[in-house]
>>> print(open('my_file.txt').read())   # compact mmCIF, C-alpha atoms
# COMPACT_ATOMS: atom_id res chain seq x y z
CA MET A 1 -4.81 9.11 -0.14
CA PRO A 2 -1.99 9.11 -2.72
CA ARG A 3 1.76 9.33 -2.34
CA SER A 4 4.13 11.42 -4.45
CA THR A 5 7.91 11.76 -4.50
CA LEU A 6 7.58 14.61 -7.01
CA PHE A 7 5.46 16.59 -4.53
CA PRO A 8 6.00 14.89 -1.13
CA SER A 9 3.30 16.93 0.63
CA LEU A 10 0.61 16.24 -2.00
CA GLY A 11 -1.47 13.69 -0.05
CA LEU A 12 -1.11 15.49 3.28
CA ASP A 13 -2.06 18.83 1.72
CA ILE A 14 -5.22 17.35 0.18
CA LEU A 15 -6.18 15.80 3.53
CA ASN A 16 -5.48 19.00 5.46
CA GLY A 17 -7.46 21.05 2.96
CA LEU A 18 -10.40 18.68 3.43
CA LYS A 19 -10.21 18.82 7.23
CA GLU A 20 -9.91 22.60 7.41
CA ASN A 21 -12.91 23.12 5.16
CA LEU A 22 -15.03 20.66 7.14
CA LYS A 23 -14.17 22.62 10.27
CA LYS A 24 -15.16 25.91 8.65
CA GLN A 25 -18.41 24.34 7.40
CA LYS A 26 -19.06 23.02 10.96
CA ALA A 27 -19.32 19.51 9.56
CA PHE A 28 -16.11 18.02 10.96
CA ASP A 29 -17.68 16.81 14.22
CA GLN A 30 -20.46 15.05 12.29
CA ILE A 31 -18.04 12.88 10.31
CA LYS A 32 -15.83 9.96 11.18
CA LEU A 33 -12.81 10.16 8.91
CA ILE A 34 -10.90 6.94 8.13
CA THR A 35 -7.75 7.11 6.00
CA ASP A 36 -5.56 4.70 4.06
CA ASN A 37 -2.82 5.02 1.44
CA ILE A 38 -2.89 3.82 -2.18
CA GLY A 39 0.66 4.83 -3.16
CA PHE A 40 0.97 6.05 -6.72
CA GLY A 41 -2.44 4.63 -7.66
CA VAL A 42 -1.12 1.82 -9.86
CA ASN A 43 -2.13 -1.33 -7.95
CA GLU A 44 -5.78 -1.67 -8.88
CA GLN A 45 -6.33 -4.89 -6.94
CA GLU A 46 -4.99 -3.28 -3.75
CA ILE A 47 -7.13 -0.17 -4.26
CA TYR A 48 -10.22 -2.30 -4.85
CA SER A 49 -9.54 -4.33 -1.69
CA LYS A 50 -9.07 -1.19 0.42
CA ALA A 51 -12.26 0.39 -0.93
CA GLU A 52 -14.14 -2.85 -0.32
CA ARG A 53 -12.82 -3.03 3.25
CA MET A 54 -14.00 0.52 3.93
CA LEU A 55 -17.47 -0.37 2.69
CA LEU A 56 -17.82 -3.76 4.37
CA GLN A 57 -15.76 -3.48 7.56
CA GLU A 58 -15.90 0.24 8.28
CA ASP A 59 -19.46 0.69 6.94
CA ALA A 60 -18.40 3.87 5.12
CA ASP A 61 -21.14 5.98 3.51
CA ILE A 62 -18.72 7.84 1.24
CA VAL A 63 -15.30 6.75 0.00
CA ILE A 64 -13.01 9.46 -1.34
CA VAL A 65 -10.39 8.05 -3.70
CA CYS A 66 -7.60 10.33 -4.90
CA ALA A 67 -6.88 8.53 -8.16
CA ASP A 68 -7.29 8.83 -11.91
CA THR A 69 -10.09 7.79 -14.24
CA ARG A 70 -8.91 4.20 -14.73
CA VAL A 71 -9.32 3.52 -11.01
CA THR A 72 -12.70 5.28 -10.90
CA GLU A 73 -14.02 3.16 -13.76
CA MET A 74 -12.78 0.00 -12.03
CA LEU A 75 -14.48 0.88 -8.70
CA GLN A 76 -17.83 2.14 -10.01
CA PRO A 77 -19.66 -1.25 -10.15
CA LEU A 78 -18.77 -1.95 -6.52
CA PHE A 79 -20.31 1.33 -5.36
CA THR A 80 -23.35 1.03 -7.59
CA ALA A 81 -24.04 -2.43 -6.18
CA SER A 82 -23.59 -1.30 -2.56
CA ASN A 83 -25.52 1.98 -3.08
CA LYS A 84 -22.69 3.97 -1.52
CA ILE A 85 -21.01 7.15 -2.80
CA LEU A 86 -17.66 7.04 -4.59
CA LEU A 87 -16.09 10.50 -4.70
CA ALA A 88 -13.11 10.40 -7.07
CA VAL A 89 -10.70 13.31 -6.64
CA ASN A 90 -7.92 14.20 -9.09
CA PHE A 91 -6.26 16.98 -11.07
CA GLY A 92 -8.01 16.16 -14.34
CA ALA A 93 -4.93 15.23 -16.38
CA ASN A 94 -7.03 12.47 -17.97
CA PHE A 95 -10.62 12.21 -19.14
CA PRO A 96 -12.78 9.07 -19.14
CA ASP A 97 -13.25 6.69 -22.02
CA ASN A 98 -16.97 6.92 -21.32
CA TRP A 99 -18.42 10.18 -19.99
CA GLN A 100 -21.69 8.43 -19.00
CA PRO A 101 -21.69 8.51 -15.17
CA ALA A 102 -22.48 5.69 -12.77
CA PRO A 103 -25.41 6.62 -10.50
CA THR A 104 -23.47 6.79 -7.22
CA THR A 105 -20.12 8.12 -8.53
CA LEU A 106 -19.01 11.75 -8.49
CA THR A 107 -15.68 13.06 -9.81
CA HIS A 108 -14.16 16.23 -8.37
CA SER A 109 -11.38 17.56 -10.57
CA LEU A 110 -9.30 20.66 -11.30
CA ASN A 111 -9.88 19.90 -15.00
CA PHE A 112 -6.29 20.27 -16.24
CA CYS A 113 -7.33 18.74 -19.58
CA LEU A 114 -9.88 21.50 -20.13
CA HIS A 115 -7.38 24.26 -19.36
CA ALA A 116 -4.72 22.64 -21.57
CA ARG A 117 -7.31 22.47 -24.35
CA LEU A 118 -7.98 26.19 -24.06
CA THR A 119 -4.24 26.95 -24.07
CA GLY A 120 -3.71 24.99 -27.27
CA LYS A 121 -6.49 26.97 -28.96
CA LEU A 122 -5.02 30.25 -27.74
CA ALA A 123 -1.59 29.42 -29.17
CA ALA A 124 -3.14 28.96 -32.61
CA LYS A 125 -5.19 32.14 -32.32
CA GLU A 126 -2.40 34.51 -31.24
CA THR A 127 0.52 33.39 -33.41
CA ASN A 128 1.43 32.54 -36.99
CA GLN A 129 0.20 29.03 -36.06
CA GLN A 130 3.54 27.31 -36.64
CA VAL A 131 4.54 25.62 -33.39
CA VAL A 132 7.15 23.50 -31.67
CA ASN A 133 5.60 21.03 -29.22
CA VAL A 134 7.89 20.30 -26.28
CA ILE A 135 6.72 17.83 -23.64
CA SER A 136 8.21 15.85 -20.77
CA TYR A 137 8.21 12.07 -21.04
CA TYR A 138 6.05 11.86 -17.90
CA ASP A 139 3.51 14.59 -18.68
CA GLY A 140 3.13 13.41 -22.26
CA GLY A 141 1.60 10.17 -21.03
CA TYR A 142 -1.63 11.86 -19.89
CA HIS A 143 -4.63 13.03 -21.88
CA GLN A 144 -3.90 16.69 -21.21
CA CYS A 145 -1.15 16.32 -23.80
CA PHE A 146 -3.71 15.16 -26.39
CA CYS A 147 -6.06 17.99 -25.39
CA MET A 148 -3.44 20.70 -25.77
CA LEU A 149 -1.97 19.49 -29.07
CA SER A 150 -5.20 18.41 -30.75
CA SER A 151 -6.99 21.67 -29.89
CA ASN A 152 -4.05 23.63 -31.26
CA GLN A 153 -4.18 21.74 -34.56
CA ALA A 154 -7.98 21.86 -34.76
CA SER A 155 -7.71 25.65 -34.44
CA GLY A 156 -5.19 25.92 -37.28
CA GLY A 157 -1.92 25.20 -35.52
CA VAL A 158 0.77 23.49 -37.59
CA PRO A 159 3.21 21.27 -35.64
CA ARG A 160 6.61 21.92 -37.19
CA PHE A 161 8.69 20.05 -34.63
CA ASN A 162 7.99 17.72 -31.69
CA HIS A 163 10.43 17.16 -28.83
CA ILE A 164 9.91 14.84 -25.85
CA THR A 165 12.49 15.31 -23.12
CA GLN A 166 14.16 12.44 -21.28
CA HIS A 167 12.76 11.26 -17.96
CA LYS A 168 16.11 11.55 -16.16
CA THR A 169 17.09 15.09 -15.25
CA GLU A 170 20.74 14.56 -16.17
CA GLU A 171 19.68 13.58 -19.70
CA PHE A 172 17.45 16.62 -20.21
CA THR A 173 18.27 18.67 -23.30
CA LEU A 174 16.65 21.23 -25.58
CA ALA A 175 19.50 21.06 -28.11
CA PRO A 176 17.30 19.57 -30.87
CA ILE A 177 14.91 22.51 -30.51
CA ALA A 178 17.78 25.00 -30.71
CA ASP A 179 19.04 23.33 -33.90
CA PHE A 180 15.54 23.43 -35.41
CA LEU A 181 14.99 27.10 -34.55
CA LYS A 182 18.31 28.08 -36.15
CA GLN A 183 17.09 26.66 -39.44
CA ASN A 184 13.48 27.87 -39.17
CA LYS A 185 13.47 31.51 -38.10
CA GLU A 186 9.76 31.88 -38.85
CA VAL A 187 8.85 29.52 -35.99
CA ASN A 188 8.82 31.22 -32.58
CA THR A 189 5.94 29.55 -30.70
CA LEU A 190 6.42 26.74 -28.17
CA VAL A 191 3.53 24.70 -26.76
CA CYS A 192 4.86 23.24 -23.51
CA LEU A 193 3.80 20.56 -21.03
CA PHE A 194 5.87 20.02 -17.86
CA ALA A 195 5.46 19.76 -14.07
CA GLY A 196 7.60 19.95 -10.95
CA ASP A 197 11.36 19.65 -11.30
CA MET A 198 11.08 19.14 -15.05
CA ALA A 199 9.16 22.42 -15.37
CA GLU A 200 11.93 24.16 -13.46
CA ARG A 201 14.61 22.55 -15.63
CA PHE A 202 12.74 23.44 -18.81
CA TYR A 203 12.41 27.11 -17.85
CA ARG A 204 16.14 27.35 -17.07
CA GLU A 205 17.08 25.74 -20.39
CA VAL A 206 14.57 27.65 -22.53
CA SER A 207 15.31 31.12 -21.12
CA PRO A 208 18.43 31.75 -23.27
CA LEU A 209 16.64 30.29 -26.30
CA GLN A 210 13.75 32.67 -25.72
CA LYS A 211 16.08 35.66 -25.77
CA LYS A 212 17.84 34.45 -28.91
CA PHE A 213 14.77 33.43 -30.93
CA HIS A 214 12.08 35.72 -29.41
CA LEU A 215 9.95 32.78 -28.33
CA SER A 216 6.38 32.84 -27.03
CA LEU A 217 5.52 30.01 -24.62
CA TYR A 218 2.05 28.53 -24.16
CA VAL A 219 2.10 26.27 -21.13
CA SER A 220 0.13 23.72 -19.10
CA PRO A 221 -1.40 24.56 -15.67
CA MET A 222 1.43 23.05 -13.60
CA MET A 223 3.92 25.28 -15.41
CA LEU A 224 2.17 28.26 -13.80
CA GLU A 225 2.17 26.71 -10.32
CA GLU A 226 3.32 29.34 -7.84
CA SER A 227 6.07 27.39 -6.04
CA LEU A 228 8.13 27.50 -9.26
CA LYS A 229 8.92 31.14 -8.58
CA ASN A 230 10.68 30.18 -5.34
CA SER A 231 12.62 27.29 -6.86
CA LEU A 232 13.77 29.34 -9.87
CA GLY A 233 14.93 32.25 -7.69
CA ASP A 234 14.72 36.00 -7.89
CA GLU A 235 17.38 36.35 -10.59
CA PHE A 236 15.61 34.12 -13.08
CA SER A 237 13.99 35.85 -16.04
CA ILE A 238 11.34 34.59 -18.47
CA LYS A 239 8.83 36.48 -20.61
CA LYS A 240 5.88 35.89 -22.90
CA VAL A 241 4.47 32.88 -21.04
CA LYS A 242 0.71 32.21 -21.17
CA GLY A 243 -1.71 29.48 -20.21
CA PHE A 244 -5.11 28.82 -18.68
CA VAL A 245 -5.37 27.82 -15.01
CA PRO A 246 -8.26 26.83 -12.70
CA TRP A 247 -7.11 28.96 -9.76
CA HIS A 248 -4.48 31.40 -8.53
CA SER A 249 -3.85 32.80 -5.07
CA SER A 250 -4.35 36.37 -6.35
CA LEU A 251 -8.03 35.83 -7.22
CA LYS A 252 -10.15 38.48 -5.54
CA ASN A 253 -13.09 36.79 -3.86
CA ALA A 254 -14.08 36.24 -0.24
CA SER A 255 -13.90 32.46 -0.45
CA ASN A 256 -10.32 32.58 -1.73
CA GLU A 257 -9.27 34.96 1.03
CA LEU A 258 -10.80 32.66 3.66
CA PHE A 259 -9.14 29.63 2.05
CA LYS A 260 -5.67 31.22 1.96
CA LYS A 261 -5.90 32.61 5.48
CA THR A 262 -7.15 29.33 6.94
CA ILE A 263 -4.50 27.18 5.25
CA LEU A 264 -1.65 29.51 6.22
CA SER A 265 -2.88 29.72 9.82
CA SER A 266 -3.43 25.97 10.27
CA THR A 267 -0.44 24.55 8.36
CA GLY A 268 2.06 27.39 8.09
CA GLN A 269 2.12 26.81 4.33
CA PRO A 270 0.78 28.98 1.48
CA ALA A 271 -2.28 27.68 -0.34
CA ASN A 272 -1.67 25.58 -3.44
CA TYR A 273 -3.52 23.30 -5.88
CA PHE A 274 -3.35 20.38 -3.44
CA PHE A 275 -4.90 22.25 -0.55
CA LEU A 276 -7.51 23.58 -3.00
CA LEU A 277 -8.46 20.08 -4.13
CA GLY A 278 -9.01 19.02 -0.52
CA TRP A 279 -10.82 22.24 0.42
CA GLU A 280 -13.32 21.87 -2.42
CA THR A 281 -13.78 18.20 -1.54
CA GLY A 282 -14.79 19.48 1.90
CA LEU A 283 -17.38 21.77 0.28
CA ILE A 284 -18.90 18.77 -1.47
CA ILE A 285 -18.87 16.53 1.62
CA SER A 286 -20.44 19.27 3.77
CA GLU A 287 -23.24 19.69 1.24
CA MET A 288 -23.80 15.93 1.23
CA VAL A 289 -24.23 16.05 5.02
CA ARG A 290 -26.75 18.89 4.72
CA LEU A 291 -28.70 17.08 2.01
CA GLU A 292 -28.89 13.91 4.10
CA GLN A 293 -30.08 15.89 7.11
CA ALA A 294 -32.70 17.58 4.90
CA GLY A 295 -34.20 14.20 4.03
CA HIS A 296 -32.42 13.22 0.82
CA THR A 297 -31.87 9.49 1.17
CA GLY A 298 -29.89 7.23 -1.09
CA ALA A 299 -26.51 7.84 -2.76
CA ALA A 300 -27.90 8.49 -6.25
CA THR A 301 -30.48 10.95 -4.90
CA ILE A 302 -27.82 12.95 -3.06
CA ILE A 303 -25.55 13.12 -6.11
CA LYS A 304 -28.40 14.24 -8.32
CA ALA A 305 -29.26 16.99 -5.82
CA LEU A 306 -25.65 18.20 -5.88
CA THR A 307 -25.92 18.93 -9.60
CA ASN A 308 -28.41 21.71 -8.82
CA ILE A 309 -25.99 23.59 -6.53
CA SER A 310 -23.38 26.25 -7.33
CA PHE A 311 -20.58 26.07 -4.77
CA ASP A 312 -18.82 29.13 -3.38
CA SER A 313 -15.25 28.10 -4.21
CA PRO A 314 -11.87 29.86 -3.99
CA ARG A 315 -11.93 29.54 -7.79
CA GLY A 316 -14.95 31.87 -7.80
CA TRP A 317 -17.56 29.16 -8.31
CA MET A 318 -17.82 25.42 -8.86
CA LYS A 319 -20.60 23.28 -10.32
CA ILE A 320 -21.26 19.61 -10.84
CA ASP A 321 -22.32 18.77 -14.37
CA GLY A 322 -25.53 16.73 -14.29
CA ALA A 323 -24.69 14.96 -17.56
CA THR A 324 -21.27 13.65 -16.45
CA GLN A 325 -21.24 14.11 -12.65
CA TYR A 326 -17.88 15.86 -12.97
CA SER A 327 -17.17 19.09 -11.14
CA TYR A 328 -15.93 22.09 -13.11
CA GLY A 329 -15.28 25.77 -12.58
CA PRO A 330 -13.83 28.86 -14.23
CA SER A 331 -10.73 29.03 -16.38
CA TYR A 332 -8.44 32.04 -16.05
CA LEU A 333 -5.81 33.26 -18.49
CA ALA A 334 -2.47 33.57 -16.67
CA ALA A 335 0.46 35.49 -18.10
CA CYS A 336 4.05 35.81 -16.96
CA ASN A 337 6.39 38.50 -18.22
CA ASN A 338 9.01 38.89 -15.50
CA ASN A 339 10.62 36.52 -13.01
CA MET A 340 7.68 34.08 -12.97
CA LYS A 341 5.44 36.76 -11.51
CA ILE A 342 2.04 35.65 -12.71
CA LYS A 343 -0.75 38.03 -13.60
CA ILE A 344 -4.29 36.72 -13.90
CA GLY A 345 -6.56 38.05 -16.61
CA GLY A 346 -10.28 37.67 -16.89
CA GLU A 347 -12.38 34.55 -16.57
CA THR A 348 -13.10 32.73 -19.83
CA GLU A 349 -16.52 33.98 -20.89
CA ASN A 350 -17.71 30.92 -22.82
CA ILE A 351 -16.67 28.25 -20.32
CA GLU A 352 -20.04 26.46 -20.45
CA THR A 353 -19.69 26.03 -24.22
CA GLU A 354 -16.08 24.93 -23.84
CA TRP A 355 -17.03 22.45 -21.11
CA ALA A 356 -19.78 20.94 -23.27
CA ALA A 357 -17.35 20.54 -26.18
CA PHE A 358 -14.68 19.08 -23.92
CA THR A 359 -17.01 16.42 -22.48
CA LYS A 360 -17.62 15.17 -26.01
CA GLU A 361 -13.86 14.57 -26.39
CA LYS A 362 -12.81 11.08 -27.42
CA LEU A 363 -9.33 9.67 -27.86
CA PRO A 364 -8.77 8.52 -31.45
CA PRO A 365 -8.22 4.80 -31.99
CA GLY A 366 -4.62 3.65 -31.83
CA GLU A 367 -1.78 3.71 -29.37
CA ASN A 368 -1.72 5.73 -26.18
CA SER A 369 0.46 5.45 -23.11
CA ASN A 370 -2.19 4.27 -20.62
CA TRP A 371 -0.05 5.68 -17.79
CA ARG A 372 -1.36 4.05 -14.60
CA ASN A 373 0.01 6.54 -12.09
CA THR A 374 -2.35 9.12 -10.70
CA TYR A 375 -1.10 12.41 -12.20
CA LEU A 376 1.71 13.97 -10.11
CA CYS A 377 2.06 10.73 -8.12
CA ILE A 378 5.46 9.47 -9.22
>>> encode(input="my_file.txt", output="structure tokens")
Amino acid sequence: MPRSTLFPSLGLDILNGLKENLKKQKAFDQIKLITDNIGFGVNEQEIYSKAERMLLQEDADIVIVCADTRVTEMLQPLFTASNKILLAVNFGANFPDNWQPAPTTLTHSLNFCLHARLTGKLAAKETNQQVVNVISYYDGGYHQCFCMLSSNQASGGVPRFNHITQHKTEEFTLAPIADFLKQNKEVNTLVCLFAGDMAERFYREVSPLQKKFHLSLYVSPMMLEESLKNSLGDEFSIKKVKGFVPWHSSLKNASNELFKKTILSSTGQPANYFFLLGWETGLIISEMVRLEQAGHTGAATIIKALTNISFDSPRGWMKIDGATQYSYGPSYLAACNNNMKIKIGGETENIETEWAAFTKEKLPPGENSNWRNTYLCI
């Protein structure tokens, strides 16, 4: 499990989501659950040693690792050699250098890169295509930044100004953007990438600029995370905010209602992305148990069988792509026009086409941050 100072409950929420789903699936009593902590996911040698200990000393059949793609790629040979299942779980703020999967590795993700990609395209489609890119120092170090900006430009977007905010809250400023907008009245579109306290700070700072310059904001999934409404308060006002998200509590399906009710009853907390990630991991684990009981033997055989199943998820549905062994699901357009009250539009109709195009994505040669932290673990 990971640790996060940005979201202190992140690891516990994922674990509780997993446990509660296993209970609902009546699989909890059939599983021995062993836990350990990998901090922010930066010490690869420590992570490798802990995974190896679980395989050799604990005789684990499945190891769930809440970490990013770099860690998954490092662990894959160990699990291929031992013929055990590695289930990597993350938010999808990065994508792999090589989409070709290892036979016993499965990645469960909320696919933030995919949703950011769709948001970048939307910003180019709905505006005069001239944009200001504004990104936090932390969030800009992940591939979702590349996905959002490159898709915007590939769809006709023209970056007129780029601004990366400082990592320290007390040094945060949007003054350079204000100066640019004063001199360039034709530019009124912001493509934005923030999370947590920096998302809150950005919204507070950009609100008066929005009123003055009539700005439209196209934002990353964590900027539409529901707890922001509470931290910003009832008096806060923002309009014309859009972005694609994997899930929202207002989705009308039976699985989502069960998920929300169960999490609130068992933890006293409203459902969020972290609980969702754990809950869906429970769906996958429960199906692995059923497949093993039905006679599917061998890690690679079980993973291949999972690619033929559509899961009943709070997102509406979830699949595992046979070509990449990555999970994916719907993408929903979210819009906010008053006090961070989010309204969810329809499901993206061509998600299969978008997913296929996304999984062909490659970073261009040259410099990139190679942030080692698991996303949101800082």
>>> residues_around(input="my_file.txt", residues="range 374-376 of chain A", least_positions_apart="6", cutoff="12 Å", atoms="all atoms listed in the file", output="ChimeraX atom specification")
/A:1-11,38-44,65-72,88-95,109-113,138-144,194-198,222,273-274
>>> closest_residue(input="my_file.txt", among="A:Gly268, A:Gly316, A:Gly322, A:Pro221", to="Arg117 in chain A", atoms="all atoms listed in the file")
A:Pro221
>>> closest_residue(input="my_file.txt", among="A:Trp317, A:Phe358, A:Phe244, A:Phe202", to="Leu228 in chain A", atoms="all atoms listed in the file")
A:Phe202
>>> residues_around(input="my_file.txt", residues="Ala356 in chain A", least_positions_apart="5", cutoff="10 Å", atoms="only C-alpha atoms", output="JSON, numbers by chain")
{"A": [321, 323, 351, 361]}
>>> closest_residue(input="my_file.txt", among="A:Ile164, A:Ile34, A:Val245, A:Leu118", to="Asn350 in chain A", atoms="only C-alpha atoms")
A:Leu118
>>> residues_around(input="my_file.txt", residues="range 246-249 of chain A", least_positions_apart="4", cutoff="8 Å", atoms="all atoms listed in the file", output="PyMOL selection string")
chain A and resi 110-112+115+221+256+260+271-273+314-315+329-332+344
>>> residues_around(input="my_file.txt", residues="Lys24 in chain A", least_positions_apart="5", cutoff="12 Å", atoms="all atoms listed in the file", output="count of residues only")
16
>>> closest_residue(input="my_file.txt", among="A:Ser250, A:Thr281, A:Thr169, A:Thr119", to="Met318 in chain A", atoms="only C-alpha atoms")
A:Thr281
>>> closest_residue(input="my_file.txt", among="A:Asn16, A:Glu354, A:Pro103, A:Thr267", to="Ser151 in chain A", atoms="all atoms listed in the file")
A:Glu354
>>> atom_distance(input="my_file.txt", atom1="CA of Asp36 in chain A", atom2="CA of Lys84 in chain A")
18.0 Å
